[in-house]
Every structure is written in C-alpha cells, then in structure tokens.
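A.B. asks: This one is entry34.cif, mmCIF, C-alpha atoms.
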data_query
loop_
_atom_site.label_atom_id
_atom_site.label_comp_id
_atom_site.auth_asym_id
_atom_site.auth_seq_id
_atom_site.Cartn_x
_atom_site.Cartn_y
_atom_site.Cartn_z
CA MET A 247 -51.96 36.34 -7.10
CA ILE A 248 -50.27 36.71 -3.73
CA LYS A 249 -51.23 33.11 -3.01
CA ASN A 250 -49.46 31.92 -6.22
CA SER A 251 -46.37 34.03 -5.43
CA PHE A 252 -46.18 32.48 -1.98
CA ARG A 253 -46.43 28.99 -3.48
CA GLY A 254 -43.59 29.85 -5.86
CA PHE A 255 -41.49 31.21 -3.01
CA ALA A 256 -42.26 28.18 -0.84
CA ALA A 257 -41.35 25.79 -3.66
CA THR A 258 -38.08 27.64 -4.27
CA ALA A 259 -37.25 27.65 -0.54
CA LEU A 260 -38.06 23.94 -0.29
CA ALA A 261 -35.89 23.14 -3.33
CA PHE A 262 -33.02 25.21 -1.89
CA THR A 263 -33.33 23.44 1.48
CA ALA A 264 -33.36 20.03 -0.20
CA LEU A 265 -30.29 20.99 -2.24
CA SER A 266 -28.37 22.24 0.79
CA LEU A 267 -29.25 19.10 2.75
CA SER A 268 -28.03 16.91 -0.09
CA LEU A 269 -24.62 18.62 -0.49
CA PRO A 270 -22.83 16.56 2.20
CA ALA A 271 -24.13 13.39 0.58
CA ALA A 272 -22.94 14.61 -2.82
CA GLU A 273 -19.51 15.42 -1.39
CA ALA A 274 -19.36 11.99 0.28
CA HIS A 275 -20.25 10.38 -3.05
CA ALA A 276 -17.47 12.34 -4.78
CA VAL A 277 -14.92 11.01 -2.27
CA ALA A 278 -16.23 7.45 -2.60
CA ALA A 279 -16.01 7.73 -6.38
CA ALA A 280 -12.46 9.13 -6.29
CA ASN A 281 -10.24 7.94 -9.13
CA ILE A 282 -7.41 5.91 -7.56
CA VAL A 283 -4.49 4.97 -9.80
CA ILE A 284 -1.24 3.22 -8.87
CA ILE A 285 1.73 3.62 -11.18
CA ASP A 286 5.16 2.01 -11.22
CA GLY A 287 8.06 4.04 -9.88
CA TYR A 288 11.43 3.22 -8.35
CA THR A 289 12.99 -0.24 -8.83
CA LYS A 290 16.13 -1.40 -7.02
CA THR A 291 18.06 -4.70 -7.24
CA VAL A 292 20.49 -5.71 -4.48
CA LYS A 293 22.38 -8.78 -3.37
CA GLU A 294 20.01 -10.35 -0.81
CA SER A 295 22.65 -11.11 1.85
CA ALA A 296 24.52 -7.79 1.61
CA GLY A 297 22.52 -5.94 4.27
CA THR A 298 21.68 -3.10 1.88
CA PRO A 299 18.55 -1.31 3.06
CA VAL A 300 16.08 -0.59 0.29
CA GLU A 301 13.45 2.04 1.02
CA CYS A 302 11.00 3.44 -1.48
CA PRO A 303 11.72 7.10 -2.27
CA GLU A 304 9.51 9.94 -1.09
CA TYR A 305 5.82 9.60 -2.09
CA GLN A 306 6.23 5.91 -3.03
CA VAL A 307 5.20 2.59 -1.48
CA MET A 308 6.20 -1.03 -2.10
CA LEU A 309 4.31 -2.78 -4.88
CA GLY A 310 6.27 -6.03 -5.22
CA ARG A 311 9.42 -8.06 -4.81
CA SER A 312 11.30 -10.80 -6.64
CA HIS A 313 14.25 -13.00 -5.68
CA SER A 314 16.46 -15.42 -7.57
CA GLY A 315 18.88 -17.96 -6.10
CA ASP A 316 20.16 -18.31 -2.55
CA GLU A 317 21.26 -15.54 -0.17
CA ASN A 318 23.91 -14.48 -2.70
CA GLY A 319 21.27 -14.05 -5.39
CA ASN A 320 19.55 -10.83 -6.36
CA THR A 321 16.42 -9.34 -4.85
CA THR A 322 14.48 -6.69 -6.74
CA TYR A 323 12.06 -4.31 -5.05
CA TYR A 324 9.29 -2.53 -6.98
CA CYS A 325 7.90 0.75 -5.66
CA GLY A 326 5.20 3.03 -7.02
CA PHE A 327 3.04 6.11 -6.61
CA ILE A 328 -0.60 6.24 -5.53
CA LEU A 329 -2.64 8.98 -7.20
CA VAL A 330 -6.09 10.08 -6.07
CA ASN A 331 -7.90 12.26 -8.61
CA ASN A 332 -4.51 12.82 -10.31
CA GLU A 333 -2.84 14.04 -7.09
CA ILE A 334 0.04 12.11 -5.51
CA VAL A 335 -0.69 10.58 -2.11
CA ASN A 336 1.62 11.68 0.69
CA VAL A 337 3.59 8.85 2.35
CA GLU A 338 4.45 9.76 5.95
CA GLY A 339 7.89 9.06 7.50
CA SER A 340 8.73 5.37 7.71
CA THR A 341 9.06 3.25 10.83
CA TRP A 342 11.49 0.31 10.81
CA THR A 343 10.71 -2.89 12.72
CA GLY A 344 13.08 -4.74 14.98
CA SER A 345 15.12 -7.61 13.55
CA GLN A 346 13.77 -11.12 13.02
CA ARG A 347 15.43 -14.30 11.87
CA GLU A 348 14.70 -14.60 8.13
CA SER A 349 13.92 -18.34 8.24
CA ASP A 350 10.87 -17.67 10.41
CA SER A 351 9.99 -14.08 9.55
CA LEU A 352 6.56 -12.47 9.43
CA PHE A 353 5.80 -8.82 8.77
CA THR A 354 2.40 -7.19 8.40
CA ALA A 355 2.17 -3.41 8.35
CA PRO A 356 -0.23 -1.84 10.86
CA SER A 357 -3.77 -1.25 9.61
CA ASP A 358 -3.96 1.30 6.76
CA GLN A 359 -0.17 1.44 6.36
CA ALA A 360 2.03 0.42 3.44
CA MET A 361 5.25 -1.55 3.34
CA VAL A 362 7.95 0.87 2.19
CA GLY A 363 11.27 -0.89 2.85
CA ARG A 364 13.25 -4.02 3.73
CA VAL A 365 16.79 -4.98 4.64
CA HIS A 366 18.32 -8.46 5.01
CA SER A 367 21.79 -9.54 6.04
CA GLY A 368 23.31 -13.02 5.75
CA ASP A 369 21.63 -16.33 4.94
CA GLU A 370 18.34 -17.70 6.27
CA ASN A 371 19.74 -17.43 9.81
CA GLY A 372 20.48 -13.75 9.24
CA GLN A 373 18.35 -10.83 10.27
CA THR A 374 15.51 -9.16 8.36
CA ARG A 375 13.82 -5.82 9.04
CA HIS A 376 10.89 -4.09 7.33
CA ALA A 377 9.63 -0.51 7.12
CA ASN A 378 6.06 0.76 6.98
CA ALA A 379 4.39 4.16 6.62
CA ALA A 380 0.96 5.80 6.78
CA MET A 381 -0.53 7.59 3.77
CA THR A 382 -2.66 10.73 3.45
CA TRP A 383 -4.41 12.63 0.68
CA GLU A 384 -5.68 16.19 1.19
CA GLY A 385 -5.39 15.67 4.94
CA ARG A 386 -7.45 12.46 4.89
CA THR A 387 -6.11 9.06 5.87
CA VAL A 388 -5.77 6.74 2.90
CA GLU A 389 -7.39 3.48 3.95
CA LEU A 390 -6.81 -0.11 2.90
CA THR A 391 -9.36 -2.90 2.41
CA SER A 392 -9.56 -6.41 0.93
CA TYR A 393 -6.36 -7.62 2.58
CA ARG A 394 -5.10 -10.87 1.07
CA TRP A 395 -2.12 -13.25 1.19
CA THR A 396 -0.69 -14.80 -1.97
CA GLU A 397 -0.22 -18.52 -2.39
CA GLY A 398 3.16 -19.68 -1.13
CA MET A 399 6.04 -19.70 -3.59
CA LYS A 400 9.60 -21.02 -3.54
CA GLU A 401 11.82 -18.12 -2.41
CA SER A 402 14.68 -18.91 -4.84
CA SER A 403 12.50 -18.26 -7.87
CA SER A 404 9.84 -15.92 -6.54
CA TYR A 405 8.14 -12.94 -8.15
CA SER A 406 5.11 -11.15 -6.79
CA LYS A 407 3.52 -7.82 -7.59
CA ALA A 408 0.35 -6.09 -6.40
CA GLY A 409 -2.80 -6.47 -8.45
CA PRO A 410 -4.85 -3.52 -9.79
CA GLY A 411 -5.48 -0.93 -7.07
CA GLU A 412 -3.31 -2.78 -4.54
CA ILE A 413 -0.08 -2.16 -2.63
CA MET A 414 2.19 -4.47 -0.62
CA VAL A 415 1.57 -4.57 3.12
CA GLY A 416 3.41 -7.70 4.29
CA ARG A 417 5.70 -10.65 3.73
CA GLN A 418 6.27 -14.01 5.39
CA HIS A 419 9.08 -16.51 4.83
CA LYS A 420 9.82 -19.99 6.21
CA GLY A 421 13.08 -21.90 5.72
CA ASP A 422 16.03 -21.22 3.41
CA GLU A 423 16.01 -20.29 -0.29
CA ASN A 424 14.08 -23.50 -0.98
CA GLY A 425 11.51 -22.52 1.62
CA THR A 426 8.22 -20.73 1.09
CA THR A 427 7.50 -17.01 0.80
CA TRP A 428 4.08 -15.35 0.94
CA TYR A 429 3.16 -11.72 0.21
CA ARG A 430 0.30 -9.66 1.61
CA TYR A 431 -1.53 -7.00 -0.41
CA ALA A 432 -4.44 -4.62 0.18
CA LYS A 433 -6.65 -2.35 -1.95
CA VAL A 434 -6.32 1.42 -1.62
CA THR A 435 -9.51 3.35 -0.74
CA LEU A 436 -10.55 6.58 0.92
CA GLY A 437 -13.06 4.86 3.20
#
Just give me the structure as structure tokens.
C.D. replies:
Amino acid sequence: MIKNSFRGFAATALAFTALSLSLPAAEAHAVAAANIVIIDGYTKTVKESAGTPVECPEYQVMLGRSHSGDENGNTTYYCGFILVNNEIVNVEGSTWTGSQRESDSLFTAPSDQAMVGRVHSGDENGQTRHANAAMTWEGRTVELTSYRWTEGMKESSSYSKAGPGEIMVGRQHKGDENGTTWYRYAKVTLG
C-alpha cells in the first residue's frame, strides 16, 4: 500500500514538474499567437507643396498615402491604430529626418519602426522630410517582418495603402509629378 501511495505521489510530482517546465513554452506560444489587428484612423489631405507637416496622432502610424496632380495637387495621408489582443500599441515619440530633395528622395524607417509623418515644400526640387517612431506593447518591442516595396507608380495619380497586418515604413520618389514613387511596407509581429 505504501508502495502504491509513493507511485501516486511520484506520478503527481512528475506531472507537476512537467507542467511547470512547460509554462514558459505555453506563454511563448500565447505571445506568438497574439491577435494583431490594424484599423483605420486619422486621415489628412494637404496641398503637397504647402510645407504643411502631417504627423499621425498619438497611438497611430502611417498606413498609406495618395497624391493627385503636380506639386499644387492634394496629398492624402492615412494613419491607423495597431491593436494586440484588443489593446492599443504605444507609438513612441517621433524622430524627424533631415531634408532631402524630393526628386531623388529615399526614406526607410529604422528596423522595427513605423513611418509616422511627412512634410514637403515646393516642387520636385523642394525639400522633403519624414518622421518615424518605435512601437511597444506591454513593455515589449513591436517587431516588423516581411518588408516589401511596391511596384513603382506615377506620382501624379498614385494611391497606396498597407495590406492586411502591414504598416508603412518607407517611401522613395524619382523625378517630378510624372516620375515614379514606391512605398515600403512591413508586417507587424511580436517576434
């Protein structure tokens, strides 16, 4: 009888040990299986050449951009929220780049950072600046994967928006309003 009780105790202890050893793996699986949703938020349209800075509001990142016409045409910026398990991701303070000539501009946010703003003044010889920011959720860094560039499109009739689970992380432009614009996107993950 004592022998059977010991076997029962040993089996219970072994099961408890196995359970406690598997908890970190279960927690890691829960993070990997986090529900990530991106929803539309703030939208702003400005005259491209006016030099009006557009920055996504607090807790939002850039999701897309469209432009119509030349430098006197309108540019629309699309921002949105990232939610992880129904909680809004925190977007840290933005950092603005130095100026570049628009006709040969290239911006890519640092690794694991989102594009959150842009300002342009003048025509294709005018200056362009971009803003980027890091993102966190429950103290963890929100990571980005599957970086991709879009096909080139004519700037004067361009529209581009992130695909499912993606945010905007860059833009490149060559030439004037008849030149080519590309956008860079990345998927949101928790790593």
A.B. asks: The PyMOL selection byres ((chain A and resi 302) around 12) - which residues does that actually catch in the file I just gave you? List them as a PyMOL selection string.
C.D. replies: chain A and resi 286-290+299-301+303-310+322-327+337-340+360-365+376-379+414
A.B. asks: I need the residue nearest Asn332 in chain A from this list: A:Ile284, A:Pro356, A:Gly398, A:Glu389. Use all atoms listed in the file for the distance.
C.D. replies: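 Checking each candidate against Asn332 in chain A, we get A:Ile284 as the closest.
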A.B. asks: Point out the residue among A:Glu401, A:Asp358, A:Asp316, A:Glu412 with the least atom-to-atom distance to Ile328 in chain A, counting all atoms listed in the file.
C.D. replies: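 Using all atoms listed in the file, the shortest distance to Ile328 in chain A belongs to A:Glu412.
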A.B. asks: Rounded to one decimal place, report the CA of Glu348 in chain A-CA of Val415 in chain A distance in Å.
C.D. replies: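 CA of Val415 in chain A lies 17.3 Å from CA of Glu348 in chain A.
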A.B. asks: Write out as a count of residues only which residues come within 8 Å of range 423-426 of chain A when counting all atoms listed in the file, dropping same-chain ones fewer than 2 positions away.
C.D. replies: 13
A.B. asks: Mind giving me the straight-line distance from CA of Val283 in chain A to CA of Ser357 in chain A in Å, one decimal?
C.D. replies: 20.4 Å
A.B. asks: Gly344 in chain A: which residues within 7 Å, counting all atoms listed in the file, same-chain residues fewer than 2 positions away excluded, as a VMD selection string?
C.D. replies: chain A and resid 342 346 375
A.B. asks: Would you work out the distance separating CA of Ser314 in chain A from CA of Asp369 in chain A, expressed in Å to one decimal?
C.D. replies: 13.6 Å
A.B. asks: If the PyMOL selection byres ((chain A and resi 433) around 6) were run on this exact file, what residues would it hold? Put them as a short mmCIF file (atom, residue, chain, number, x, y, z; two decimals) with C-alpha atoms, in the frame of the given file.
C.D. replies:
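Result file follows (expr.cif):
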data_model
loop_
_atom_site.label_atom_id
_atom_site.label_comp_id
_atom_site.auth_asym_id
_atom_site.auth_seq_id
_atom_site.Cartn_x
_atom_site.Cartn_y
_atom_site.Cartn_z
CA LEU A 390 -6.81 -0.11 2.90
CA THR A 391 -9.36 -2.90 2.41
CA SER A 392 -9.56 -6.41 0.93
CA GLY A 411 -5.48 -0.93 -7.07
CA GLU A 412 -3.31 -2.78 -4.54
CA ALA A 432 -4.44 -4.62 0.18
CA VAL A 434 -6.32 1.42 -1.62
#
A.B. asks: Got a sec: who's within 6 Å of range 380-382 of chain A, counting all atoms listed in the file, leaving out chain neighbours fewer than 2 positions off, as a PyMOL selection string?
C.D. replies: chain A and resi 335-338+359+385-388
A.B. asks: Please write the residues picked by the PyMOL selection byres ((chain A and resi 321) around 8) on this file as an NGL selection string.
C.D. replies: :A and (291-294 or 311-314 or 319-320 or 322-323)
A.B. asks: Between A:Val330, A:Ser349, A:Thr343, A:Ala279, which has the minimum distance to Asp422 in chain A (counting all atoms listed in the file)?
C.D. replies: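 Residue with the minimum atom-to-atom distance to Asp422 in chain A: A:Ser349.
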A.B. asks: Considering all atoms listed in the file, state which residue in the set A:Phe353, A:Trp383, A:Tyr405, A:Tyr393 is at the smallest distance from Leu329 in chain A.
C.D. replies: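 Closest candidate: A:Trp383.
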A.B. asks: Measuring between only C-alpha atoms, which one of A:Ser406, A:Asn281, A:Gln418, A:Thr427 shows the shortest distance to Glu333 in chain A?
C.D. replies: A:Asn281
A.B. asks: Using only C-alpha atoms, pick whichever of A:Ala408, A:Ala355, A:Ile282, A:Ala296 has the shortest atom-to-atom distance to Asn318 in chain A.
C.D. replies: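 Residue with the minimum atom-to-atom distance to Asn318 in chain A: A:Ala296.
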A.B. asks: Please reconstruct the missing atoms of range 320-331 of chain A (target: all heavy atoms) and return them as a short mmCIF file (atom, residue, chain, number, x, y, z; two decimals), in the frame of the given file.
C.D. replies:
data_model
loop_
_atom_site.label_atom_id
_atom_site.label_comp_id
_atom_site.auth_asym_id
_atom_site.auth_seq_id
_atom_site.Cartn_x
_atom_site.Cartn_y
_atom_site.Cartn_z
N ASN A 320 20.08 -12.19 -6.32
CA ASN A 320 19.55 -10.83 -6.36
C ASN A 320 18.09 -10.75 -5.93
O ASN A 320 17.29 -11.63 -6.25
CB ASN A 320 19.66 -10.26 -7.78
CG ASN A 320 21.10 -9.94 -8.14
OD1 ASN A 320 21.90 -9.59 -7.30
ND2 ASN A 320 21.41 -10.07 -9.41
N THR A 321 17.79 -9.67 -5.23
CA THR A 321 16.42 -9.34 -4.85
C THR A 321 16.09 -8.00 -5.48
O THR A 321 16.87 -7.06 -5.39
CB THR A 321 16.27 -9.25 -3.32
OG1 THR A 321 16.59 -10.53 -2.75
CG2 THR A 321 14.85 -8.87 -2.94
N THR A 322 14.94 -7.93 -6.13
CA THR A 322 14.48 -6.69 -6.74
C THR A 322 13.23 -6.22 -6.02
O THR A 322 12.32 -7.01 -5.75
CB THR A 322 14.19 -6.89 -8.24
OG1 THR A 322 15.38 -7.34 -8.88
CG2 THR A 322 13.72 -5.59 -8.88
N TYR A 323 13.21 -4.93 -5.71
CA TYR A 323 12.06 -4.31 -5.05
C TYR A 323 11.40 -3.35 -6.05
O TYR A 323 12.09 -2.61 -6.75
CB TYR A 323 12.51 -3.53 -3.82
CG TYR A 323 13.11 -4.43 -2.76
CD1 TYR A 323 14.49 -4.66 -2.72
CD2 TYR A 323 12.30 -5.06 -1.83
CE1 TYR A 323 15.04 -5.49 -1.76
CE2 TYR A 323 12.85 -5.89 -0.87
CZ TYR A 323 14.22 -6.11 -0.84
OH TYR A 323 14.76 -6.94 0.11
N TYR A 324 10.07 -3.38 -6.07
CA TYR A 324 9.29 -2.53 -6.98
C TYR A 324 8.45 -1.56 -6.14
O TYR A 324 7.65 -2.00 -5.31
CB TYR A 324 8.37 -3.39 -7.85
CG TYR A 324 9.11 -4.49 -8.58
CD1 TYR A 324 9.17 -5.77 -8.05
CD2 TYR A 324 9.73 -4.24 -9.79
CE1 TYR A 324 9.86 -6.79 -8.71
CE2 TYR A 324 10.41 -5.25 -10.46
CZ TYR A 324 10.48 -6.52 -9.92
OH TYR A 324 11.15 -7.52 -10.57
N CYS A 325 8.66 -0.28 -6.36
CA CYS A 325 7.90 0.75 -5.66
C CYS A 325 7.00 1.48 -6.65
O CYS A 325 7.17 1.34 -7.86
CB CYS A 325 8.84 1.76 -5.01
SG CYS A 325 9.97 1.04 -3.78
N GLY A 326 6.07 2.27 -6.14
CA GLY A 326 5.20 3.03 -7.02
C GLY A 326 4.47 4.14 -6.29
O GLY A 326 4.50 4.24 -5.07
N PHE A 327 3.81 4.97 -7.10
CA PHE A 327 3.04 6.11 -6.61
C PHE A 327 1.57 5.75 -6.55
O PHE A 327 1.06 5.03 -7.42
CB PHE A 327 3.18 7.30 -7.57
CG PHE A 327 4.57 7.83 -7.72
CD1 PHE A 327 5.40 7.36 -8.73
CD2 PHE A 327 5.05 8.80 -6.85
CE1 PHE A 327 6.69 7.85 -8.88
CE2 PHE A 327 6.34 9.30 -7.00
CZ PHE A 327 7.16 8.83 -8.02
N ILE A 328 0.85 6.32 -5.58
CA ILE A 328 -0.60 6.24 -5.53
C ILE A 328 -1.11 7.64 -5.88
O ILE A 328 -0.69 8.63 -5.28
CB ILE A 328 -1.10 5.85 -4.13
CG1 ILE A 328 -0.49 4.51 -3.69
CG2 ILE A 328 -2.63 5.79 -4.11
CD1 ILE A 328 -0.72 4.20 -2.23
N LEU A 329 -2.02 7.71 -6.84
CA LEU A 329 -2.64 8.98 -7.20
C LEU A 329 -4.14 8.91 -6.92
O LEU A 329 -4.79 7.91 -7.26
CB LEU A 329 -2.43 9.30 -8.68
CG LEU A 329 -1.03 9.76 -9.08
CD1 LEU A 329 -0.10 8.59 -9.25
CD2 LEU A 329 -1.09 10.54 -10.35
N VAL A 330 -4.66 9.94 -6.29
CA VAL A 330 -6.09 10.08 -6.07
C VAL A 330 -6.53 11.32 -6.83
O VAL A 330 -6.01 12.42 -6.58
CB VAL A 330 -6.44 10.19 -4.58
CG1 VAL A 330 -7.93 10.42 -4.39
CG2 VAL A 330 -5.98 8.95 -3.82
N ASN A 331 -7.45 11.15 -7.76
CA ASN A 331 -7.90 12.26 -8.61
C ASN A 331 -6.71 13.03 -9.19
O ASN A 331 -6.66 14.25 -9.16
CB ASN A 331 -8.84 13.18 -7.84
CG ASN A 331 -10.13 12.49 -7.47
OD1 ASN A 331 -10.50 11.48 -8.06
ND2 ASN A 331 -10.82 13.01 -6.48
#
